[in-house]
Structures are given as structure tokens and as C-alpha cells.
$ cat query.cif   # mmCIF, C-alpha atoms
data_start
#
loop_
_atom_site.label_atom_id
_atom_site.label_comp_id
_atom_site.auth_asym_id
_atom_site.auth_seq_id
_atom_site.Cartn_x
_atom_site.Cartn_y
_atom_site.Cartn_z
CA MET A 1 -10.63 -12.53 -25.96
CA SER A 2 -13.04 -10.25 -24.13
CA LEU A 3 -13.79 -13.11 -21.75
CA ILE A 4 -10.10 -13.47 -20.92
CA LEU A 5 -9.72 -9.74 -20.27
CA ALA A 6 -12.89 -9.64 -18.19
CA SER A 7 -11.88 -12.30 -15.72
CA ILE A 8 -8.06 -12.43 -15.87
CA ASN A 9 -7.86 -11.13 -12.30
CA TYR A 10 -9.87 -14.07 -10.97
CA TRP A 11 -7.73 -16.56 -12.87
CA VAL A 12 -4.48 -15.16 -11.49
CA THR A 13 -6.03 -15.33 -8.02
CA ILE A 14 -7.01 -18.97 -8.56
CA ILE A 15 -3.56 -19.99 -9.84
CA LEU A 16 -1.90 -18.43 -6.78
CA MET A 17 -4.50 -19.97 -4.49
CA ILE A 18 -3.95 -23.45 -5.94
CA GLY A 19 -0.19 -23.01 -5.56
CA GLY A 20 -0.63 -22.18 -1.88
CA LEU A 21 -3.10 -25.03 -1.39
CA TYR A 22 -0.72 -27.52 -3.00
CA ILE A 23 2.13 -26.47 -0.68
CA VAL A 24 -0.09 -26.82 2.38
CA VAL A 25 -1.49 -30.22 1.35
CA ALA A 26 1.50 -31.95 -0.21
CA HIS A 27 4.48 -30.79 1.83
CA GLY A 28 5.29 -32.06 5.30
CA ASN A 29 7.63 -29.32 6.48
CA MET A 30 5.78 -26.97 8.80
CA VAL A 31 7.72 -23.80 7.95
CA LYS A 32 6.97 -24.44 4.28
CA LYS A 33 3.33 -25.03 5.14
CA LEU A 34 3.24 -21.60 6.81
CA VAL A 35 4.73 -19.93 3.71
CA GLY A 36 2.12 -21.74 1.61
CA LEU A 37 -0.60 -20.57 3.97
CA SER A 38 0.50 -16.96 3.59
CA ILE A 39 0.56 -17.32 -0.22
CA PHE A 40 -3.01 -18.65 -0.04
CA GLN A 41 -3.94 -15.71 2.17
CA THR A 42 -2.39 -13.18 -0.20
CA SER A 43 -4.35 -14.59 -3.11
CA VAL A 44 -7.53 -13.92 -1.13
CA TYR A 45 -6.42 -10.29 -0.73
CA LEU A 46 -6.15 -10.12 -4.50
CA LEU A 47 -9.61 -11.65 -4.86
CA PHE A 48 -11.08 -8.91 -2.66
CA LEU A 49 -9.15 -6.00 -4.15
CA SER A 50 -9.51 -6.67 -7.87
CA PRO A 51 -13.32 -6.26 -8.18
CA GLY A 52 -13.03 -2.88 -6.44
CA LYS A 53 -10.71 -1.50 -9.13
CA ILE A 54 -12.42 0.76 -11.62
CA LEU A 55 -10.57 1.27 -14.90
CA GLY A 56 -9.73 4.96 -15.23
CA GLY A 57 -10.30 5.49 -11.51
CA THR A 58 -7.72 6.58 -9.00
CA ALA A 59 -6.78 5.79 -5.40
CA PRO A 60 -9.55 6.70 -2.94
CA ILE A 61 -8.07 9.93 -1.60
CA ILE A 62 -10.44 12.78 -2.32
CA SER A 63 -9.00 15.53 -4.50
CA GLU A 64 -10.57 18.10 -6.76
CA LYS A 65 -8.62 16.89 -9.76
CA PHE A 66 -10.31 13.48 -9.93
CA GLU A 67 -13.87 12.31 -10.41
CA VAL A 68 -13.72 8.50 -10.40
CA TYR A 69 -12.34 6.60 -7.40
CA SER A 70 -11.83 2.91 -6.84
CA ASN A 71 -13.98 1.17 -4.23
CA PRO A 72 -12.48 1.94 -0.78
CA LEU A 73 -14.36 -0.73 1.15
CA PRO A 74 -12.23 -3.79 0.15
CA HIS A 75 -9.11 -1.76 0.93
CA VAL A 76 -10.27 -1.28 4.52
CA LEU A 77 -11.11 -4.96 4.98
CA ILE A 78 -7.81 -6.17 3.50
CA LEU A 79 -5.73 -3.58 5.37
CA THR A 80 -6.81 -5.02 8.69
CA ALA A 81 -6.68 -8.58 7.35
CA ILE A 82 -2.97 -8.25 6.46
CA VAL A 83 -1.96 -7.23 9.97
CA VAL A 84 -4.17 -9.89 11.52
CA GLY A 85 -2.61 -12.36 9.05
CA VAL A 86 0.90 -11.67 10.31
CA ALA A 87 -0.28 -12.03 13.92
CA THR A 88 -1.77 -15.47 13.17
CA ILE A 89 1.29 -16.56 11.17
CA ALA A 90 3.44 -15.53 14.14
CA LEU A 91 1.24 -17.67 16.39
CA GLY A 92 1.74 -20.59 13.99
CA MET A 93 5.50 -20.06 14.03
CA ALA A 94 5.47 -20.06 17.84
CA LEU A 95 3.71 -23.45 17.69
CA VAL A 96 6.35 -24.69 15.21
CA VAL A 97 9.13 -23.65 17.59
CA ARG A 98 7.49 -25.46 20.50
CA ILE A 99 6.89 -28.59 18.37
CA ASN A 100 10.56 -28.52 17.37
CA GLU A 101 11.57 -28.37 21.03
CA ALA A 102 9.26 -31.20 22.01
CA TYR A 103 9.96 -33.61 19.10
CA GLY A 104 13.21 -32.36 17.59
CA THR A 105 11.72 -32.18 14.10
CA ILE A 106 9.31 -30.05 12.10
CA GLU A 107 8.27 -32.70 9.55
CA ASP A 108 4.72 -33.77 10.34
CA ASP A 109 5.29 -37.38 9.13
CA GLU A 110 8.08 -37.84 11.67
CA VAL A 111 5.99 -36.29 14.45
CA HIS A 112 3.18 -38.68 13.53
CA GLU A 113 5.50 -41.70 13.69
CA MET A 114 6.82 -40.64 17.10
CA GLU A 115 3.26 -40.33 18.37
CA GLN A 116 2.46 -43.88 17.22
CA ASP A 117 5.54 -45.45 18.80
CA MET B 118 23.81 -11.77 15.47
CA ILE B 119 26.44 -9.21 16.46
CA ARG B 120 29.18 -8.84 13.86
CA ASP B 121 31.84 -6.20 13.47
CA THR B 122 30.54 -4.65 10.28
CA ILE B 123 31.11 -0.97 10.82
CA ILE B 124 29.34 0.10 7.62
CA LEU B 125 26.17 -1.65 8.73
CA ARG B 126 26.31 -0.07 12.16
CA VAL B 127 26.83 3.48 10.89
CA VAL B 128 24.15 3.16 8.22
CA ILE B 129 21.63 1.77 10.73
CA LYS B 130 22.34 4.66 13.10
CA LEU B 131 21.72 7.11 10.27
CA LEU B 132 18.58 5.33 9.09
CA LEU B 133 16.94 4.78 12.46
CA PRO B 134 15.72 8.35 13.10
CA ALA B 135 14.57 8.62 9.49
CA ILE B 136 12.46 5.46 9.77
CA LEU B 137 10.96 6.56 13.09
CA LEU B 138 10.19 10.00 11.68
CA PHE B 139 8.57 8.40 8.64
CA ALA B 140 6.44 6.23 10.95
CA LEU B 141 5.20 9.30 12.80
CA TYR B 142 4.51 11.05 9.48
CA VAL B 143 2.50 8.06 8.28
CA GLN B 144 0.63 8.02 11.59
CA PHE B 145 -0.45 11.66 11.69
CA HIS B 146 -0.74 12.27 7.96
CA GLY B 147 -2.97 9.22 7.56
CA ASP B 148 -6.09 11.36 7.13
CA TYR B 149 -4.69 13.12 4.07
CA GLY B 150 -2.45 10.59 2.36
CA PRO B 151 -2.01 6.85 2.42
CA GLY B 152 -1.21 5.59 5.88
CA GLY B 153 -2.62 5.12 9.34
CA GLY B 154 -2.09 3.33 12.59
CA PHE B 155 -1.47 -0.13 11.15
CA GLN B 156 1.29 0.94 8.76
CA ALA B 157 2.90 3.35 11.21
CA GLY B 158 2.95 0.71 13.95
CA VAL B 159 4.65 -1.80 11.68
CA ALA B 160 7.16 0.78 10.40
CA ALA B 161 8.13 1.87 13.92
CA ALA B 162 8.45 -1.75 15.04
CA ALA B 163 10.56 -2.48 11.95
CA ALA B 164 12.96 0.32 12.93
CA ILE B 165 13.53 -1.18 16.39
CA ILE B 166 13.79 -4.69 14.92
CA LEU B 167 16.43 -3.50 12.44
CA TYR B 168 18.40 -2.09 15.35
CA GLY B 169 17.95 -5.35 17.24
CA LEU B 170 19.14 -7.42 14.28
CA VAL B 171 22.40 -5.50 13.96
CA PHE B 172 23.24 -4.62 17.57
CA GLY B 173 21.66 -7.62 19.30
CA VAL B 174 18.35 -8.02 21.07
CA SER B 175 19.73 -6.88 24.42
CA ALA B 176 20.63 -3.49 22.89
CA ALA B 177 17.10 -3.18 21.50
CA ARG B 178 15.70 -4.05 24.94
CA LYS B 179 17.55 -1.02 26.30
CA ILE B 180 15.63 1.29 23.93
CA VAL B 181 12.24 -0.29 24.54
CA PRO B 182 12.25 -2.26 27.81
CA GLN B 183 10.29 -5.48 27.73
CA LYS B 184 8.08 -4.70 30.74
CA PHE B 185 7.14 -1.33 29.27
CA LEU B 186 6.31 -3.09 26.00
CA PHE B 187 4.11 -5.71 27.65
CA SER B 188 2.13 -3.00 29.40
CA LEU B 189 1.72 -1.15 26.07
CA ILE B 190 -0.10 -4.08 24.42
CA PRO B 191 -3.29 -3.84 26.51
CA ILE B 192 -3.05 -0.02 26.68
CA GLY B 193 -3.57 0.19 22.90
CA VAL B 194 -6.73 -1.92 23.01
CA LEU B 195 -7.95 0.03 26.05
CA VAL B 196 -7.44 3.37 24.25
CA PHE B 197 -9.56 2.09 21.37
CA SER B 198 -12.38 0.61 23.43
CA GLY B 199 -12.18 3.45 25.96
CA THR B 200 -12.91 5.93 23.15
CA GLY B 201 -16.19 4.12 22.58
CA ILE B 202 -17.06 4.34 26.27
CA VAL B 203 -16.25 8.07 26.36
CA SER B 204 -18.75 8.60 23.56
CA TRP B 205 -21.34 6.90 25.79
CA PHE B 206 -20.77 9.63 28.37
CA PHE B 207 -21.56 12.22 25.70
CA GLY B 208 -24.86 10.44 25.10
CA ALA B 209 -23.90 9.07 21.69
CA ASN B 210 -23.63 5.51 20.38
CA TYR B 211 -20.56 3.36 21.01
CA LEU B 212 -17.62 4.58 18.86
CA ASP B 213 -19.58 7.59 17.61
CA TYR B 214 -17.10 10.49 17.75
CA SER B 215 -19.43 13.29 16.68
CA PRO B 216 -19.82 14.97 20.13
CA PHE B 217 -16.03 15.21 20.75
CA GLY B 218 -15.62 18.51 18.93
CA SER B 219 -17.59 21.72 18.55
CA ASP B 220 -19.34 20.30 15.48
CA SER B 221 -19.73 16.76 14.18
CA LYS B 222 -16.95 17.08 11.59
CA SER B 223 -14.16 18.14 13.96
CA GLY B 224 -15.39 15.60 16.51
CA GLN B 225 -15.11 12.81 13.95
CA HIS B 226 -11.63 14.00 13.00
CA LEU B 227 -10.44 13.97 16.61
CA GLY B 228 -12.01 10.57 17.18
CA ILE B 229 -10.22 9.10 14.15
CA LEU B 230 -6.89 10.43 15.43
CA ILE B 231 -7.40 8.90 18.90
CA VAL B 232 -8.51 5.54 17.53
CA GLU B 233 -5.57 5.43 15.11
CA LEU B 234 -3.28 6.11 18.07
CA GLY B 235 -4.76 3.10 19.85
CA VAL B 236 -4.20 0.93 16.76
CA PHE B 237 -0.63 2.25 16.47
CA ILE B 238 0.20 1.37 20.08
CA THR B 239 -1.26 -2.14 19.79
CA VAL B 240 0.39 -3.02 16.48
CA PHE B 241 3.78 -1.56 17.44
CA SER B 242 3.97 -3.29 20.81
CA THR B 243 2.60 -6.62 19.57
CA MET B 244 5.01 -6.84 16.62
CA LEU B 245 7.96 -5.91 18.80
CA ALA B 246 6.91 -8.33 21.56
CA ILE B 247 6.64 -11.16 18.99
CA PHE B 248 10.13 -10.34 17.70
CA TYR B 249 11.58 -10.21 21.22
CA SER B 250 10.10 -13.56 22.13
CA PHE B 251 11.36 -15.27 18.95
CA ALA B 252 14.83 -13.76 19.17
CA GLY B 253 15.06 -14.25 22.93
CA ARG B 254 14.00 -17.90 22.69
CA SER B 255 17.55 -19.16 22.30
CA GLU B 256 18.56 -17.22 25.42
CA ILE B 257 15.82 -18.93 27.43
CA LEU B 258 16.94 -22.32 26.10
CA SER B 259 20.57 -21.64 26.99
CA LEU B 260 19.44 -20.57 30.48
CA ASP B 261 17.77 -23.97 30.80
CA GLY B 262 21.03 -25.62 29.82
CA ASP B 263 22.86 -23.70 32.55
CA THR B 264 20.42 -24.75 35.26
CA ASP B 265 21.03 -28.40 34.38
CA LYS B 266 24.72 -28.19 35.18
CA MET C 267 4.61 -13.94 -9.00
CA VAL C 268 3.67 -17.34 -10.37
CA ALA C 269 7.37 -18.05 -10.89
CA ALA C 270 8.06 -17.19 -7.23
CA VAL C 271 5.30 -19.57 -6.13
CA ILE C 272 6.71 -22.39 -8.29
CA GLY C 273 10.12 -21.68 -6.80
CA VAL C 274 8.67 -22.01 -3.30
CA ILE C 275 7.15 -25.38 -4.28
CA ARG C 276 10.35 -26.74 -5.81
CA SER C 277 13.00 -25.57 -3.36
CA ARG C 278 14.08 -27.73 -0.42
CA ASN C 279 16.30 -25.16 1.26
CA LEU C 280 14.06 -23.27 3.65
CA PHE C 281 16.13 -20.07 3.44
CA VAL C 282 15.39 -19.95 -0.28
CA VAL C 283 11.70 -20.58 0.46
CA VAL C 284 11.52 -17.68 2.93
CA MET C 285 13.35 -15.28 0.60
CA LEU C 286 11.11 -16.21 -2.33
CA GLY C 287 8.15 -15.57 -0.04
CA GLY C 288 9.48 -12.06 0.58
CA ILE C 289 9.94 -11.45 -3.16
CA TYR C 290 6.39 -12.69 -3.73
CA SER C 291 5.07 -10.23 -1.14
CA PHE C 292 6.86 -7.29 -2.79
CA LEU C 293 5.45 -8.25 -6.21
CA MET C 294 2.01 -8.47 -4.63
CA ALA C 295 2.47 -4.97 -3.18
CA THR C 296 3.27 -3.68 -6.69
CA VAL C 297 0.12 -5.30 -8.06
CA MET C 298 -1.85 -3.63 -5.27
CA VAL C 299 -0.54 -0.21 -6.29
CA ALA C 300 -1.72 -0.99 -9.82
CA LEU C 301 -5.14 -1.81 -8.36
CA ASP C 302 -5.25 1.67 -6.68
CA ALA C 303 -4.99 0.22 -3.17
CA VAL C 304 -2.10 2.38 -1.96
CA ASP C 305 -2.81 1.94 1.75
CA VAL C 306 -2.95 -1.82 1.37
CA ALA C 307 0.22 -1.90 -0.75
CA MET C 308 2.07 0.03 1.96
CA THR C 309 0.91 -2.42 4.60
CA GLU C 310 1.75 -5.45 2.47
CA ALA C 311 5.26 -4.16 1.74
CA ALA C 312 5.91 -3.44 5.42
CA VAL C 313 4.18 -6.48 6.92
CA GLY C 314 4.37 -9.22 4.31
CA ALA C 315 7.83 -8.52 2.97
CA GLY C 316 9.38 -7.02 6.10
CA MET C 317 7.90 -8.44 9.29
CA SER C 318 6.98 -11.95 8.10
CA THR C 319 10.36 -12.51 6.47
CA VAL C 320 12.25 -11.37 9.58
CA LEU C 321 10.08 -13.54 11.84
CA LEU C 322 10.45 -16.59 9.59
CA LEU C 323 14.23 -16.09 9.55
CA ALA C 324 14.18 -15.88 13.35
CA VAL C 325 12.33 -19.23 13.38
CA LEU C 326 14.85 -20.74 10.97
CA GLY C 327 17.54 -19.81 13.48
CA LEU C 328 15.86 -22.21 15.91
CA VAL C 329 14.96 -25.17 13.63
CA LYS C 330 16.53 -27.28 10.89
CA THR C 331 16.81 -25.49 7.55
CA ARG C 332 16.56 -28.45 5.15
CA GLU C 333 13.29 -29.97 4.15
CA ALA C 334 13.03 -33.77 4.11
CA PRO C 335 12.11 -35.29 0.71
CA LEU C 336 8.46 -36.08 0.09
CA ARG C 337 7.42 -39.53 1.30
CA HIS C 338 4.07 -39.87 -0.43
CA SER C 339 3.56 -39.51 -4.14
CA PRO C 340 2.24 -36.03 -4.90
CA PHE C 341 -0.44 -37.45 -7.20
CA ILE C 342 -3.47 -37.20 -4.88
CA PRO C 343 -2.75 -33.62 -3.69
CA LEU C 344 -2.20 -32.58 -7.31
CA LEU C 345 -5.51 -34.14 -8.32
CA VAL C 346 -7.33 -32.41 -5.45
CA CYS C 347 -5.74 -29.07 -6.36
CA PHE C 348 -6.61 -29.37 -10.05
CA LEU C 349 -10.21 -30.33 -9.30
CA THR C 350 -10.55 -27.37 -6.90
CA GLY C 351 -8.98 -25.06 -9.47
CA ALA C 352 -11.27 -26.27 -12.24
CA ALA C 353 -14.34 -25.78 -10.06
CA LEU C 354 -13.21 -22.26 -9.11
CA ILE C 355 -12.52 -21.29 -12.72
CA TYR C 356 -15.98 -22.57 -13.66
CA GLY C 357 -17.32 -20.33 -10.91
CA THR C 358 -15.60 -17.19 -12.28
CA LEU C 359 -17.65 -17.38 -15.47
CA SER C 360 -20.63 -15.83 -13.70
CA LEU C 361 -18.65 -13.18 -11.79
CA PRO C 362 -18.81 -9.52 -12.84
CA PRO C 363 -16.15 -8.38 -15.34
CA PHE C 364 -12.98 -6.57 -14.25
CA GLY C 365 -12.73 -2.80 -13.93
CA ARG C 366 -16.33 -1.69 -14.52
CA GLN C 367 -18.12 0.87 -12.41
CA ASP C 368 -21.61 -0.64 -12.73
CA THR C 369 -20.86 -4.00 -11.10
CA PRO C 370 -22.76 -4.93 -7.90
CA THR C 371 -19.54 -4.64 -5.85
CA ASN C 372 -19.20 -0.98 -6.65
CA GLN C 373 -22.88 -0.06 -6.25
CA HIS C 374 -23.68 -0.83 -2.62
CA VAL C 375 -22.22 1.47 0.07
CA ALA C 376 -19.02 2.56 -1.69
CA PRO C 377 -20.58 5.56 -3.53
CA TYR C 378 -21.96 6.80 -0.20
CA TYR C 379 -18.51 6.67 1.39
CA ILE C 380 -16.89 8.41 -1.58
CA LYS C 381 -19.53 11.16 -1.61
CA ASN C 382 -19.90 11.86 2.10
CA SER C 383 -16.65 11.00 3.88
CA VAL C 384 -15.08 14.46 3.53
CA LYS C 385 -18.31 16.15 4.56
CA GLU C 386 -18.85 13.96 7.61
CA THR C 387 -15.36 13.20 8.89
CA GLY C 388 -13.09 15.85 7.37
CA SER C 389 -10.63 13.18 6.22
CA PRO C 390 -9.77 13.18 2.50
CA ASN C 391 -8.40 9.64 2.70
CA ILE C 392 -11.57 7.58 2.47
CA VAL C 393 -9.81 4.40 3.62
CA THR C 394 -8.85 6.00 6.94
CA ALA C 395 -12.33 7.47 7.39
CA VAL C 396 -14.06 4.14 6.80
CA LEU C 397 -11.48 2.24 8.86
CA ALA C 398 -11.71 4.37 11.98
CA SER C 399 -15.16 5.89 11.84
CA TYR C 400 -17.79 4.13 9.72
CA ARG C 401 -16.47 0.66 10.50
CA GLY C 402 -14.94 1.30 13.90
CA TYR C 403 -16.38 -1.93 15.27
CA ASP C 404 -14.53 -3.98 12.64
CA THR C 405 -11.25 -2.30 13.45
CA LEU C 406 -11.80 -2.74 17.18
CA GLY C 407 -12.32 -6.45 16.54
CA GLU C 408 -9.18 -6.70 14.40
CA THR C 409 -7.14 -4.88 17.05
CA THR C 410 -8.40 -7.36 19.61
CA VAL C 411 -7.38 -10.25 17.34
CA ILE C 412 -3.85 -8.84 17.04
CA PHE C 413 -3.78 -8.40 20.82
CA THR C 414 -4.88 -12.02 21.31
CA GLY C 415 -2.34 -13.31 18.78
CA GLY C 416 0.45 -11.43 20.51
CA ILE C 417 -0.58 -12.76 23.92
CA GLY C 418 -0.68 -16.30 22.49
CA VAL C 419 2.87 -16.01 21.12
CA LEU C 420 4.09 -14.64 24.44
CA ILE C 421 2.47 -17.48 26.39
CA LEU C 422 3.94 -20.10 24.05
CA LEU C 423 7.45 -18.70 23.90
CA SER C 424 8.24 -16.76 27.06
CA THR C 425 8.06 -19.70 29.46
CA SER C 426 9.97 -22.94 29.48
CA ARG C 427 9.02 -26.22 31.10
CA ARG C 428 12.28 -26.74 32.96
CA ARG C 429 12.28 -23.29 34.49
CA ARG C 430 8.71 -23.75 35.64
CA LEU C 431 9.62 -27.10 37.20
CA LYS C 432 12.55 -25.47 38.95
CA GLN C 433 10.37 -22.67 40.29
CA SER C 434 7.76 -25.09 41.61
CA SER C 435 10.45 -27.21 43.28
CA ASP C 436 11.87 -24.02 44.86
CA GLU C 437 8.44 -23.18 46.22
CA ASP C 438 8.06 -26.70 47.58
CA SER C 439 11.38 -26.53 49.40
CA SER C 440 10.60 -23.10 50.88
CA THR C 441 7.27 -24.16 52.34
#
$ encode --input "query.cif" --output "C-alpha cells"
Amino acid sequence: MSLILASINYWVTIILMIGGLYIVVAHGNMVKKLVGLSIFQTSVYLLFLSPGKILGGTAPIISEKFEVYSNPLPHVLILTAIVVGVATIALGMALVVRINEAYGTIEDDEVHEMEQD
Amino acid sequence: MIRDTIILRVVIKLLLPAILLFALYVQFHGDYGPGGGFQAGVAAAAAIILYGLVFGVSAARKIVPQKFLFSLIPIGVLVFSGTGIVSWFFGANYLDYSPFGSDSKSGQHLGILIVELGVFITVFSTMLAIFYSFAGRSEILSLDGDTDK
Amino acid sequence: MVAAVIGVIRSRNLFVVVMLGGIYSFLMATVMVALDAVDVAMTEAAVGAGMSTVLLLAVLGLVKTREAPLRHSPFIPLLVCFLTGAALIYGTLSLPPFGRQDTPTNQHVAPYYIKNSVKETGSPNIVTAVLASYRGYDTLGETTVIFTGGIGVLILLSTSRRRRLKQSSDEDSST
């Protein structure tokens, strides 16, 4: 029981990560792949943030009322990572739009067949 | 995208200043509460995007012209990296804001504000430029169709 | 959250997929508030649930909105995913437990930031102080990445092949 409570955050992260990975690997639709990629990305945010949480601590904004604060360093890293993440996802979507204009489809199997013909 | 839904239009017009004001609050209150350049940039861009979704992209382009926006993108990065170069002139390390103020603490505070402004400009203009290019894509394609005829 | 992910896997209608992605992002923002990361939660709610969803919907306006059925059997991807998951769960057994102050993660530079940021930068929000001052280089790099991503999208989407051909043919005829 104590083991479950001690590492539940990692397990949730892994379940989400595997869900994202499965979407990216198994599905051929590129928009769905992008959604899967962002789910995978979000699970990494969780992986970074959860070890920084201190039970009984509070958000890292200094105030005289509180003594214990959670670790601010992962927050900084993930804050920038989120905005960079949306910039890269937008780049991927731009590629999807151009692929759709060139091939008329966004399924990667069909694009592959057209390339072989 | 333009539909005659008067409720939507009135509510958006009421909400727009509130969202922009909130973005500025998040930007300049970022030292004391949660917030900063990244969040404020996204919130301000979201306000313009909301307007663009309801009134059409051409109406949004009237508020923030596209050329102005494209020149904002590099300006944000230049503000950030220029701050580092200014601290060279004060004899400090790159991105060390201590000599900006009378003492190290106020200098750091001023430096953080300037850098956050650079981040705000970059994020706001990039997000809005991405939205413009996605939403304006169909216009470009229809222009192509016209040139064929 | 897990239910939203399963919904994304099962659904073939891409509008449903995008909307479930937005719901997932909002749930993630709530979890982040519970983990004391208020700045990050704010960003995730604005960026993940707001911006990404709007951009994906804009893309769906340009492409087909139904997903084709799977052609291969999903057995091999499932096997790969389960093996990866099992290996990762085995790896968590040696990671530090959740929510303790004496773990290595919370011992390195974080106490220094918490103790000195108000003294040195005058900013009570430690996240902002670290973001802009102590780790200014990181943030400069991230800003440059956003800049580059934006430029890439503009290059990909703001030109069209036919118009470029037309322009070059105009130039040829004028010379």
C-alpha cells in the first residue's frame, strides 16, 4: 500500500505516456498523431512536476504565512516547454496542411502508396 | 466563420477589453502572483483570436495589421537578447541585470520586467501570426483558383 | 484523464478527438494546480486547452474530418507499448517517493532559490525570478525556439506554389 502511494504519480504518468505512444504508433491519421504527440508531451510535464511537489507545501510565491514551498525549478522548465510545445505542434500542423494540399489525404498509408506508384 | 449571432457578437465585444486588461495584469503582476510574459502573451493573442473567430479574420487584421505583426516577432527576440548586450555595456555578464538600478535588487527587478516584455511580444505575435496563416490559408487557396480562370 | 485518452484512441471523428484533447488539457491544468504549479497550470489552460484546440480546429477546416479505419492489426503496436510500459514501471521502483522534502530533486538548487530570490531580485514569485533572472539563458533559448517555429509556419503556409510560378513568369515576361 505504501509502495502504491509512493509512486502513484509515476504510474499515472506512464499510463498517459503509453496512451500517447500507442496513438502515435498505431494510427495513420496525421491530425490524430499530433493529438497523441501532445498527450505524450503532457505526460512528460507531469513527470517533471510531480517530484517537485512537497506534501504540506504551497505554491512557490514567497509570503510570510508559509514556510514550506514546492520546488520552483521544474515549474520554470515546464512553463517554457508548454509554449515551445504549442509552437512545434503548430509547425507539425502546417506540415499536415501542406501534405494535404500535395497528396489530397492525411493518412500516411495512402501517402506511402502514392509515393510507390 | 461569420454568422449573424447577435448574442455572440455583443458578448465578445464586452469580453474583449476584459481579456486584454487581464493579459496586461498578468504581465505586470507576474513578479507578485502567478503569471508572466508567456501567459500574458497567450491570453492577449487569445483575445484577438476570439475576435477573429466571430467577426472574421479580415476584421482581426484591422486591429492588428499583418505587417506590423510580422515585424513584432523579431522585435521580441531582439528586446530579450538586446537586454543582455546592454548589461555588457555596464561591465556585467550577459543577461546580468544587477547594474541597471541604483542597487542590485532594483536592477534585477527592472531587468526581469524588460525581459518579460520581450517574451510577451514574441509569444503574442507568434501565436497570432500562426493563427492568421492557418485561417488565411483558405483565402490563399481561393486566390489560386481565381488566377487559374 | 485516462478516460479522455481512451476516448481519443477509440474515436474516428476528428472533431471529437480534438475536443477530447481540449478536455484532457483542462484536466491536466487542474492536476497541476493540485501539484502547486499555479504558473504552469495557467499556461496549460491557456495554451493547451485554448490555443492548440483552436489551431487544430482551424486545420480541420482545411482537411478531411473522418479517420480511415486501421489497415494493420494493432497487435504489434500494442505489444511494443506494453513492453515499454512494463519497463518504465520497473524503473519507477527505484525512484524517490512522492511528496517528500528530503528527495534528491528537492535538495539541489531549489532551496537556494527559495531562500534568496526575494533578497536578490525583489520578486516574491520565485518562478518568475528563476525564469527571467537566474535562468535567463534558458528562457532566451526557448524564446528563440518559439520565434523559429513561428517563422517555419509562416514559410510553409504564407506562400503557394502557383502564385510563385505566376510571379516568376511575370518577371520573365517583363525582362
$ residues_around --input "query.cif" --residues "Ile23 of chain A" --least-positions-apart "6" --cutoff "7 Å" --atoms "only C-alpha atoms" --output "VMD selection string"
(chain A and resid 33 36) or (chain C and resid 275)
$ resolve_selection --input "query.cif" --expression "the PyMOL selection byres ((chain B) within 12 of (chain A))" --output "ChimeraX atom specification"
/B:147-159,236-237,239-248,250-252,254-255,258
$ closest_residue --input "query.cif" --among "A:Thr105, A:Ser7, A:Ser38, A:Ser50" --to "Thr331 of chain C" --atoms "all atoms listed in the file"
A:Thr105
$ atom_distance --input "query.cif" --atom1 "atom CA of Phe281 of chain C" --atom2 "atom CA of Gly104 of chain A"
19.0 Å
$ atom_distance --input "query.cif" --atom1 "atom CA of Gly228 of chain B" --atom2 "atom CA of Val313 of chain C"
25.7 Å
$ closest_atom_pairs --input "query.cif" --of "chain C" --to "chain A" --cutoff "6 Å" --atoms "all atoms listed in the file" --output "tab-separated table"
residue	atom	partner	partner_atom	distance
C:Leu301	CA	A:Lys53	CA	5.6
C:Asp302	CA	A:Ala59	CA	4.6
C:Val306	CA	A:Leu79	CA	5.2
C:Pro343	CA	A:Ala26	CA	5.7
C:Cys347	CA	A:Ile18	CA	5.9
C:Pro363	CA	A:Ala6	CA	4.5
C:Phe364	CA	A:Ala6	CA	5.0
C:Gly365	CA	A:Ile54	CA	4.3
C:Arg366	CA	A:Ile54	CA	5.4
C:Gln367	CA	A:Ile54	CA	5.8
C:Ala376	CA	A:Asn71	CA	5.8
C:Pro390	CA	A:Ile62	CA	4.9
C:Asn391	CA	A:Ile61	CA	4.3
C:Ile392	CA	A:Pro60	CA	5.8
C:Val393	CA	A:Pro72	CA	5.7
C:Leu397	CA	A:Val76	CA	5.7
C:Ile412	CA	A:Val84	CA	5.6
C:Gly415	CA	A:Ala87	CA	5.4
C:Val419	CA	A:Leu91	CA	5.3
$ closest_residue --input "query.cif" --among "C:Gly418, C:Pro340, C:Pro335, C:Pro370" --to "chain B" --atoms "all atoms listed in the file"
C:Gly418
$ residues_near_point --input "query.cif" --point "(15.7, -5.4, 22.1)" --cutoff "9 Å" --atoms "all atoms listed in the file" --output "number ranges by chain"
B: 165-166, 168-170, 172-183, 245, 248-249, 252-253
$ atom_distance --input "query.cif" --atom1 "atom CA of Asp404 of chain C" --atom2 "atom CA of Ile192 of chain B"
18.6 Å
$ decode --input "query.cif" --residues "segment 293-314 of chain C" --atoms "C-alpha atoms" --output "CSV table (one decimal), in the first residue's frame"
chain,number,residue,atom,x,y,z
C,293,LEU,CA,-8.0,18.2,-16.5
C,294,MET,CA,-4.2,18.3,-16.7
C,295,ALA,CA,-4.3,22.0,-15.7
C,296,THR,CA,-6.4,21.1,-12.6
C,297,VAL,CA,-3.9,18.4,-11.7
C,298,MET,CA,-1.1,21.0,-12.0
C,299,VAL,CA,-2.9,23.3,-9.5
C,300,ALA,CA,-3.0,20.3,-7.1
C,301,LEU,CA,0.7,19.9,-7.6
C,302,ASP,CA,1.2,23.6,-6.6
C,303,ALA,CA,2.3,24.6,-10.1
C,304,VAL,CA,0.0,27.6,-10.5
C,305,ASP,CA,2.0,29.3,-13.2
C,306,VAL,CA,2.2,26.2,-15.2
C,307,ALA,CA,-1.5,25.4,-14.8
C,308,MET,CA,-2.3,28.9,-16.1
C,309,THR,CA,-0.1,28.3,-19.1
C,310,GLU,CA,-1.5,24.9,-19.8
C,311,ALA,CA,-5.1,26.1,-19.6
C,312,ALA,CA,-4.4,29.0,-21.9
C,313,VAL,CA,-2.1,27.2,-24.4
C,314,GLY,CA,-3.1,23.5,-24.3
